[in-house]
>>> print(open('my_file28.txt').read())   # compact mmCIF, C-alpha atoms
# COMPACT_ATOMS: atom_id res chain seq x y z
CA MET V 29 25.54 224.31 172.05
CA GLU V 30 23.66 221.04 171.68
CA TYR V 31 20.17 220.92 170.22
CA PHE V 32 17.10 218.74 170.73
CA ALA V 33 14.20 218.41 168.29
CA GLY V 34 10.57 217.43 168.71
CA LEU V 35 8.29 216.21 165.93
CA ASP V 36 4.51 216.29 166.11
CA VAL V 37 3.57 213.94 163.27
CA SER V 38 0.23 213.92 161.49
CA ILE V 39 -0.85 212.32 158.24
CA ASP V 40 -0.16 215.30 156.00
CA GLU V 41 2.07 217.67 157.99
CA THR V 42 4.71 217.47 160.72
CA ALA V 43 5.38 220.31 163.16
CA ILE V 44 9.08 220.66 164.05
CA CYS V 45 10.59 222.44 167.02
CA VAL V 46 14.28 222.66 167.92
CA VAL V 47 15.47 223.87 171.33
CA GLY V 48 18.96 224.42 172.68
CA ASP V 49 20.36 222.83 175.82
CA ASP V 50 19.48 226.06 177.68
CA GLY V 51 15.81 225.73 176.72
CA SER V 52 15.76 228.49 174.12
CA VAL V 53 13.76 227.88 170.95
CA ALA V 54 15.97 227.78 167.86
CA LEU V 55 13.47 226.68 165.20
CA GLU V 56 9.71 226.34 164.79
CA THR V 57 8.39 225.21 161.43
CA ALA V 58 6.11 222.73 159.69
CA VAL V 59 6.81 220.55 156.67
CA ASP V 60 5.08 217.74 154.81
CA THR V 61 5.28 214.34 156.52
CA ASP V 62 8.18 213.18 154.42
CA PRO V 63 11.48 211.94 155.91
CA ARG V 64 13.61 213.89 153.41
CA GLN V 65 11.82 217.17 154.07
CA ILE V 66 12.12 216.66 157.83
CA ALA V 67 15.83 215.89 157.48
CA ASP V 68 16.31 218.99 155.27
CA ALA V 69 14.62 221.18 157.89
CA LEU V 70 17.05 219.88 160.54
CA ARG V 71 20.12 219.96 158.29
CA LEU V 72 21.41 223.21 159.83
CA TYR V 73 21.83 221.47 163.21
CA THR V 74 23.58 218.35 161.92
CA GLY V 75 26.42 217.39 164.22
CA ARG V 76 24.98 219.29 167.16
CA LEU V 77 21.57 217.58 167.16
CA ARG V 78 21.59 215.17 170.09
CA ARG V 79 18.08 213.68 170.00
CA VAL V 80 15.04 213.91 167.72
CA GLY V 81 11.85 212.69 169.37
CA HIS V 82 8.51 211.66 167.90
CA GLU V 83 5.48 210.08 169.51
CA ALA V 84 4.58 206.47 168.73
CA GLY V 85 1.77 206.22 166.20
CA SER V 86 0.58 204.50 163.06
CA LEU V 87 3.33 206.10 160.95
CA SER V 88 6.11 205.46 163.47
CA PRO V 89 7.54 202.19 162.06
CA TRP V 90 7.97 203.71 158.61
CA LEU V 91 9.02 207.20 159.68
CA HIS V 92 11.47 206.04 162.37
CA THR V 93 13.36 203.78 159.97
CA GLU V 94 13.48 206.42 157.22
CA LEU V 95 14.75 209.12 159.60
CA GLN V 96 17.46 206.78 160.85
CA GLN V 97 18.57 206.26 157.26
CA GLN V 98 18.77 210.04 156.94
CA GLY V 99 21.32 210.00 159.76
CA LEU V 100 19.14 211.56 162.47
CA PRO V 101 19.42 210.44 166.14
CA VAL V 102 15.71 209.67 166.27
CA VAL V 103 13.88 208.38 169.36
CA CYS V 104 10.34 206.96 169.43
CA LEU V 105 8.46 207.90 172.61
CA GLU V 106 5.74 205.97 174.45
CA THR V 107 2.39 207.61 173.81
CA ARG V 108 1.03 207.42 177.36
CA HIS V 109 4.16 208.97 178.80
CA VAL V 110 4.11 211.85 176.29
CA ARG V 111 0.41 212.48 176.87
CA ALA V 112 0.99 212.73 180.61
CA ALA V 113 3.92 215.10 180.13
CA LEU V 114 2.02 217.38 177.75
CA SER V 115 -1.21 217.42 179.76
CA ALA V 116 0.00 220.48 181.72
CA GLN V 117 -0.12 222.66 178.60
CA ARG V 118 -2.89 225.24 178.57
CA ASN V 119 -3.43 225.07 174.80
CA LYS V 120 -2.99 222.03 172.59
CA THR V 121 -1.70 222.76 169.11
CA ASP V 122 0.70 220.94 166.82
CA ALA V 123 3.36 223.59 167.41
CA ALA V 124 2.90 223.40 171.19
CA ASP V 125 3.13 219.61 171.12
CA ALA V 126 6.34 219.76 169.07
CA LEU V 127 7.77 222.24 171.60
CA GLY V 128 6.76 219.98 174.48
CA ILE V 129 8.36 216.92 172.85
CA ALA V 130 11.54 218.92 172.24
CA HIS V 131 11.72 219.82 175.94
CA ILE V 132 11.11 216.17 176.84
CA MET V 133 14.11 215.32 174.68
CA ARG V 134 16.16 218.01 176.37
CA THR V 135 15.35 216.91 179.93
CA GLY V 136 15.68 213.20 179.17
CA TRP V 137 12.41 212.42 180.99
CA PHE V 138 10.96 209.96 178.52
CA ARG V 139 10.41 206.26 177.85
CA GLN V 140 11.54 204.90 174.55
CA ALA V 141 9.16 202.74 172.53
CA HIS V 142 10.59 199.74 170.72
CA ILE V 143 10.35 199.77 166.93
CA LYS V 144 9.91 196.19 165.78
CA SER V 145 11.35 194.60 162.69
CA GLU V 146 9.48 194.71 159.39
CA GLY V 147 8.79 190.98 159.57
CA CYS V 148 7.03 191.39 162.92
CA TYR V 149 4.80 194.12 161.53
CA ARG V 150 3.85 191.88 158.61
CA ILE V 151 2.88 189.07 161.00
CA ARG V 152 0.88 191.49 163.13
CA LEU V 153 -0.90 192.76 160.01
CA LEU V 154 -1.83 189.19 159.09
CA LEU V 155 -3.15 188.48 162.58
CA ALA V 156 -5.10 191.76 162.66
CA GLN V 157 -6.80 191.13 159.31
CA ARG V 158 -7.60 187.54 160.30
CA ARG V 159 -9.22 188.85 163.48
CA ASN V 160 -11.15 191.52 161.55
CA LEU V 161 -12.61 188.98 159.14
CA LYS V 162 -13.68 186.73 161.99
CA ARG V 163 -15.33 189.60 163.84
CA LYS V 164 -17.24 190.73 160.75
CA PHE V 165 -18.33 187.15 160.12
CA LEU V 166 -19.65 186.85 163.68
CA ASP V 167 -21.35 190.25 163.42
CA ILE V 168 -23.28 189.11 160.34
CA GLU V 169 -24.14 185.78 161.94
CA ASN V 170 -25.46 187.49 165.07
CA ALA V 171 -27.38 190.02 162.97
CA ILE V 172 -29.12 187.18 161.14
CA ARG V 173 -30.07 185.49 164.39
CA HIS V 174 -31.32 188.72 165.95
CA SER V 175 -33.35 189.93 162.95
CA LEU V 176 -35.27 186.66 162.67
CA LYS V 177 -36.47 186.91 166.26
CA VAL V 178 -38.94 189.60 165.12
CA PHE V 179 -40.87 186.85 163.32
CA GLY V 180 -40.61 184.44 166.21
CA ILE V 181 -37.84 182.42 164.55
CA ARG V 182 -35.32 181.26 167.14
CA LEU V 183 -32.47 179.30 165.63
CA GLY V 184 -31.20 178.05 168.97
CA LYS V 185 -28.11 175.86 169.08
CA VAL V 186 -27.42 175.54 165.37
CA GLY V 187 -23.87 174.69 164.33
CA ARG V 188 -21.88 176.87 161.96
CA GLY V 189 -22.18 174.39 159.12
CA ALA V 190 -25.91 173.84 159.51
CA MET V 191 -26.87 177.49 160.03
CA GLU V 192 -27.33 178.39 156.37
CA LYS V 193 -29.77 175.51 155.76
CA ALA V 194 -31.66 176.30 158.97
CA VAL V 195 -32.09 179.97 158.00
CA ARG V 196 -33.25 179.19 154.47
CA THR V 197 -35.73 176.65 155.75
CA ALA V 198 -37.09 179.06 158.37
CA VAL V 199 -37.77 181.90 155.90
CA ALA V 200 -38.82 179.81 152.88
CA GLY V 201 -42.44 181.04 153.09
CA ASP V 202 -41.57 184.77 153.00
CA ALA V 203 -40.16 185.93 149.66
CA MET V 204 -38.87 189.31 150.86
CA THR V 205 -37.23 187.97 154.01
CA ALA V 206 -35.78 185.05 152.07
CA GLY V 207 -34.16 187.48 149.62
CA LEU V 208 -32.67 189.57 152.43
CA MET V 209 -31.36 186.52 154.24
CA ASP V 210 -29.90 185.21 150.99
CA CYS V 211 -27.77 188.36 150.67
CA MET V 212 -26.64 188.10 154.28
CA LEU V 213 -25.80 184.42 153.95
CA ARG V 214 -23.72 185.03 150.80
CA ALA V 215 -21.78 187.76 152.60
CA ARG V 216 -21.32 185.44 155.58
CA ALA V 217 -20.00 182.64 153.33
CA ALA V 218 -17.59 184.99 151.55
CA LEU V 219 -16.17 186.30 154.84
CA TRP V 220 -15.76 182.78 156.18
CA ALA V 221 -13.95 181.63 153.04
CA GLU V 222 -11.49 184.53 153.20
CA TYR V 223 -11.03 184.02 156.94
CA LEU V 224 -10.06 180.39 156.32
CA VAL V 225 -7.44 181.53 153.79
CA LEU V 226 -5.78 183.83 156.33
CA HIS V 227 -6.09 181.26 159.12
CA LYS V 228 -4.38 178.65 156.96
CA LEU V 229 -1.57 181.15 156.30
CA VAL V 230 -1.17 181.72 160.05
CA VAL V 231 -0.86 177.97 160.62
CA GLN V 232 1.65 177.59 157.80
CA ILE V 233 3.85 180.39 159.16
CA ALA V 234 3.75 178.86 162.63
CA MET V 235 4.60 175.51 161.07
CA ARG V 236 7.82 176.87 159.61
CA ASP V 237 8.93 178.73 162.75
CA GLU V 238 10.98 176.71 165.24
CA LEU V 239 10.24 179.13 168.10
CA CYS V 240 6.48 178.87 167.55
CA ARG V 241 6.80 175.08 167.60
CA ARG V 242 8.42 175.26 171.01
CA PHE V 243 5.71 177.61 172.23
CA MET V 244 2.97 175.28 170.95
CA ALA V 245 4.39 172.48 173.08
CA ILE V 246 2.74 174.31 176.00
CA PRO V 247 -0.82 173.01 176.53
CA GLY V 248 -3.36 175.60 175.39
CA VAL V 249 -0.93 177.56 173.21
CA GLY V 250 -1.79 177.38 169.51
CA PRO V 251 -0.49 179.04 166.33
CA VAL V 252 -2.31 182.35 166.92
CA THR V 253 -1.04 182.71 170.49
CA ALA V 254 2.51 181.74 169.50
CA LEU V 255 2.67 184.17 166.58
CA SER V 256 0.97 186.98 168.51
CA TYR V 257 3.45 186.62 171.35
CA SER V 258 6.59 186.37 169.22
CA SER V 259 5.65 189.28 166.95
CA ALA V 260 4.82 191.50 169.92
CA ILE V 261 8.12 190.79 171.70
CA ASP V 262 10.36 190.80 168.59
CA ASP V 263 13.59 190.84 170.63
CA PRO V 264 13.59 188.92 173.95
CA HIS V 265 16.77 190.63 175.14
CA ARG V 266 15.08 194.00 175.47
CA PHE V 267 13.53 192.73 178.73
CA ARG V 268 15.98 192.42 181.61
CA ARG V 269 13.79 189.90 183.44
CA SER V 270 11.16 187.51 182.15
CA ARG V 271 8.58 188.65 184.67
CA ASN V 272 8.72 192.16 183.17
CA VAL V 273 6.93 190.77 180.10
CA ALA V 274 3.75 190.22 182.12
CA ALA V 275 3.69 193.91 183.06
CA TYR V 276 4.40 194.85 179.43
CA PHE V 277 1.19 193.09 178.37
CA GLY V 278 -0.86 194.57 181.23
CA LEU V 279 -1.22 191.35 183.23
CA THR V 280 0.02 192.77 186.55
CA SER V 281 -2.07 194.70 189.05
CA ARG V 282 -2.08 198.47 189.38
CA ARG V 283 -0.88 200.03 192.60
CA TRP V 284 -1.79 203.27 194.39
CA GLN V 285 0.61 204.09 197.22
CA SER V 286 1.11 207.31 199.14
CA GLY V 287 2.85 207.57 202.49
CA THR V 288 1.91 204.97 205.09
CA SER V 289 -1.86 205.33 204.97
CA ILE V 290 -2.60 204.46 201.33
CA ASP V 291 -1.36 201.32 199.61
CA VAL V 292 -3.95 199.76 197.34
CA GLN V 293 -3.41 197.07 194.71
CA GLY V 294 -6.09 197.13 192.04
CA ARG V 295 -6.99 194.98 189.08
CA ILE V 296 -4.62 194.32 186.20
CA SER V 297 -3.48 197.40 184.31
CA LYS V 298 -4.52 196.16 180.83
CA ALA V 299 -1.66 198.15 179.34
CA GLY V 300 0.11 197.03 176.20
CA ASP V 301 -1.15 194.90 173.35
CA PRO V 302 -4.76 193.77 173.99
CA ASP V 303 -4.60 191.05 171.33
CA VAL V 304 -1.63 189.32 172.98
CA ARG V 305 -3.25 189.66 176.40
CA ARG V 306 -6.46 188.12 175.04
CA ALA V 307 -4.54 185.29 173.36
CA LEU V 308 -2.65 184.47 176.57
CA TYR V 309 -5.91 184.52 178.55
CA GLU V 310 -7.55 182.13 176.07
CA ALA V 311 -4.51 179.84 176.21
CA ALA V 312 -4.69 179.84 180.00
CA SER V 313 -8.40 179.02 179.86
CA ALA V 314 -7.76 176.11 177.48
CA LEU V 315 -4.98 174.82 179.73
CA LEU V 316 -7.19 174.87 182.82
CA THR V 317 -10.40 173.51 181.28
CA ARG V 318 -9.67 171.54 178.10
CA PHE V 319 -6.26 169.96 178.69
CA LYS V 320 -6.75 166.56 180.33
CA GLY V 321 -3.14 165.61 181.05
CA HIS V 322 -0.98 166.33 184.06
CA ASP V 323 0.75 169.70 184.07
CA ALA V 324 2.40 171.60 186.91
CA LEU V 325 1.08 174.96 185.69
CA LYS V 326 -2.45 173.57 185.41
CA THR V 327 -2.24 172.13 188.94
CA TRP V 328 -1.09 175.49 190.28
CA GLY V 329 -3.88 177.33 188.45
CA LEU V 330 -6.63 174.98 189.66
CA LYS V 331 -5.36 175.30 193.22
CA LEU V 332 -5.53 179.07 192.89
CA ALA V 333 -9.05 178.86 191.44
CA LYS V 334 -10.26 177.14 194.61
CA THR V 335 -9.04 179.96 196.87
CA LYS V 336 -9.81 182.89 194.54
CA CYS V 337 -11.99 182.37 191.45
CA HIS V 338 -11.59 180.90 187.99
CA ALA V 339 -11.28 184.29 186.28
CA LYS V 340 -8.42 185.37 188.53
CA ALA V 341 -6.80 181.97 188.12
CA ARG V 342 -6.89 182.31 184.34
CA VAL V 343 -5.27 185.75 184.56
CA ALA V 344 -2.58 184.38 186.87
CA VAL V 345 -1.88 181.46 184.53
CA ALA V 346 -1.75 183.86 181.56
CA ARG V 347 0.80 185.91 183.48
CA LYS V 348 2.85 182.77 184.12
CA LEU V 349 2.64 181.80 180.45
CA ALA V 350 4.03 185.19 179.41
CA THR V 351 6.95 184.73 181.79
CA VAL V 352 7.63 181.10 180.85
CA MET V 353 7.49 181.74 177.11
CA HIS V 354 9.98 184.59 177.37
CA ALA V 355 12.37 182.43 179.42
CA MET V 356 12.07 179.64 176.82
CA TRP V 357 12.84 182.11 174.04
CA ARG V 358 15.76 183.76 175.82
CA ASP V 359 17.41 180.54 177.01
CA GLY V 360 16.53 178.29 174.05
CA THR V 361 14.86 175.77 176.35
CA PHE V 362 11.78 173.57 175.97
CA TYR V 363 8.61 173.38 178.05
CA VAL V 364 8.25 170.44 180.42
CA GLY V 365 4.88 170.58 182.15
CA ASP V 366 5.25 167.26 183.95
CA PRO V 367 8.64 166.96 185.70
CA ASP V 368 8.08 163.20 186.17
CA ALA V 369 7.45 162.50 182.48
CA SER V 370 10.14 160.83 180.41
CA ALA V 371 11.64 162.37 177.29
CA PRO V 372 9.84 159.93 174.92
CA ASP V 373 6.50 160.73 176.58
CA ILE V 374 7.09 164.47 176.18
CA ALA V 375 8.08 164.02 172.54
CA ALA V 376 5.00 161.88 171.87
CA ALA V 377 2.70 164.44 173.50
CA ASN V 378 4.20 167.26 171.44
CA ALA V 379 3.89 165.22 168.24
CA ALA V 380 0.24 164.47 169.01
CA LYS V 381 -0.50 168.15 169.50
CA LEU V 382 1.22 169.08 166.24
CA GLN V 383 -0.78 166.34 164.52
CA ARG V 384 -4.04 167.87 165.78
CA LEU V 385 -2.90 171.28 164.52
CA GLY V 386 -1.96 169.89 161.13
CA LEU V 387 1.75 170.60 161.62
CA ALA V 388 3.13 167.09 161.74
CA ASN V 389 4.60 167.03 158.23
CA SER V 390 6.57 170.28 158.54
>>> encode(input="my_file28.txt", output="structure tokens")
Amino acid sequence: MEYFAGLDVSIDETAICVVGDDGSVALETAVDTDPRQIADALRLYTGRLRRVGHEAGSLSPWLHTELQQQGLPVVCLETRHVRAALSAQRNKTDAADALGIAHIMRTGWFRQAHIKSEGCYRIRLLLAQRRNLKRKFLDIENAIRHSLKVFGIRLGKVGRGAMEKAVRTAVAGDAMTAGLMDCMLRARAALWAEYLVLHKLVVQIAMRDELCRRFMAIPGVGPVTALSYSSAIDDPHRFRRSRNVAAYFGLTSRRWQSGTSIDVQGRISKAGDPDVRRALYEAASALLTRFKGHDALKTWGLKLAKTKCHAKARVAVARKLATVMHAMWRDGTFYVGDPDASAPDIAAANAAKLQRLGLANS
């Protein structure tokens, strides 16, 4: 008899359930969330254990790799698919979830989530912490602006560099408010300094990566977009077609179809990594509005904006960017936005962009 195992993983404890190929339950237990203890609990079924499933989560990259090293045929499952499969259960407990995952393994009705390389997770951690620092910085800046409105102080269009002087000047006559704003401004300055450190590291990593350099030859695509995209894909060959990448990042429309009477296409699904989707959207916006040169993708997007709207055009261009960047990665090709441009002109344009980004001496 072959056996299938399901793991319901939590921070401290993991529920384990093993079922046979006839659906009978062979083992139900719980151990500490430790790869060795999990492997020891499944040791009795070694050789007859066909699949061990666990749901994707924050511990998945570490746990999946460690269980593989223990010799277990482990499979990481997509969270949305598991949630839909387990939603029919009357009661939700860790043991019931482990049993449900074991049956999913037995039936084979699952979608496997890709476990990225350790280097990709390090890049994603860097990008996430950079984003967190920037958000906290903007939160403090907006809190300063909002709190001063109580006293009728409206800073208006004050640049980032001149804001500290403007705030101190505005509250100079109020000792208490000046002290409070001084604390907020010091926190703002500290966050901005640390943000610049992480941003410089992002640029330096992109500078050393040949793939990111090719991505940044696309108008609108900068170091953050290039690194976000490459770290989210990890392996381009896991997508059979380049256009599947757009659906992976939630840039394709939903569809509701039933029989011949209902067939509705909705807005984009917004599935997948929101940070990559946001980065691609911002790159598309920069391509359509800030890039002044001639580009076939920009021409197509502006033409679409006239018949639809600018927001839909930016989404469509972001979808095209996801497809084009994957094809460049898979085939080892370079981006040529203007088919009529000569090779020296393309090289000069790419060099000028790298110069603006501070990457020319890499």
>>> closest_residue(input="my_file28.txt", among="V:Leu255, V:Leu279, V:Ala324, V:Ala350", to="Pro302 in chain V", atoms="only C-alpha atoms")
V:Leu279
>>> residues_around(input="my_file28.txt", residues="Ile168 in chain V", least_positions_apart="6", cutoff="10 Å", atoms="all atoms listed in the file", output="JSON, numbers by chain")
{"V": [174, 212, 213, 215, 216, 219]}
>>> residues_around(input="my_file28.txt", residues="Gln65 in chain V", least_positions_apart="2", cutoff="12 Å", atoms="all atoms listed in the file", output="ChimeraX atom specification")
/V:41-44,57-63,67-71,91,94-95,98
>>> residues_around(input="my_file28.txt", residues="Leu224 in chain V", least_positions_apart="6", cutoff="10 Å", atoms="only C-alpha atoms", output="JSON, numbers by chain")
{"V": [158, 161, 162, 230]}
>>> atom_distance(input="my_file28.txt", atom1="CA of Gly180 in chain V", atom2="CA of Asp210 in chain V")
18.6 Å
>>> atom_distance(input="my_file28.txt", atom1="CA of Tyr31 in chain V", atom2="CA of Ala113 in chain V")
19.9 Å
>>> atom_distance(input="my_file28.txt", atom1="CA of Arg342 in chain V", atom2="CA of Arg271 in chain V")
16.7 Å
>>> residues_near_point(input="my_file28.txt", point="(12.3, 198.6, 168.8)", cutoff="10 Å", atoms="all atoms listed in the file", output="list of chain:residue names")
V:Pro89, V:His92, V:Val103, V:Cys104, V:Gln140, V:Ala141, V:His142, V:Ile143, V:Lys144, V:Ser145, V:Ile261, V:Asp262, V:Asp263, V:Arg266
>>> closest_residue(input="my_file28.txt", among="V:Val80, V:Gly207, V:Thr121, V:His131", to="Val102 in chain V", atoms="only C-alpha atoms")
V:Val80
>>> residues_around(input="my_file28.txt", residues="Met353 in chain V", least_positions_apart="3", cutoff="9 Å", atoms="all atoms listed in the file", output="list in words")
Arg242, Phe243, Ile246, Tyr257, Ser270, Lys348, Leu349, Ala350, Met356, Trp357, Arg358 and Tyr363 of chain V
>>> residues_around(input="my_file28.txt", residues="Ala54 in chain V", least_positions_apart="2", cutoff="12 Å", atoms="only C-alpha atoms", output="number ranges by chain")
V: 29-34, 44-52, 56-57, 70, 72-73, 77, 127, 130
>>> closest_residue(input="my_file28.txt", among="V:Leu155, V:Ala341, V:Leu315, V:Ala194", to="Val252 in chain V", atoms="all atoms listed in the file")
V:Leu155
>>> axis_aligned_box(input="my_file28.txt", around="range 316-334 of chain V", padding_each_side="5 Å", output="JSON")
{"center_x": -4.0, "center_y": 172.3, "center_z": 186.4, "size_x": 22.8, "size_y": 23.5, "size_z": 26.5}
>>> closest_residue(input="my_file28.txt", among="V:Ala171, V:Met191, V:Ala311, V:Ala234", to="Leu208 in chain V", atoms="only C-alpha atoms")
V:Ala171
>>> residues_near_point(input="my_file28.txt", point="(-5.5, 187.2, 174.3)", cutoff="10 Å", atoms="all atoms listed in the file", output="VMD selection string")
chain V and resid 252 to 253 256 to 257 277 301 to 312 346
>>> closest_residue(input="my_file28.txt", among="V:Cys337, V:Leu239, V:Leu87, V:Gly248", to="Lys320 in chain V", atoms="only C-alpha atoms")
V:Gly248
>>> closest_residue(input="my_file28.txt", among="V:Arg118, V:His322, V:Arg134, V:Lys331", to="Arg79 in chain V", atoms="only C-alpha atoms")
V:Arg134
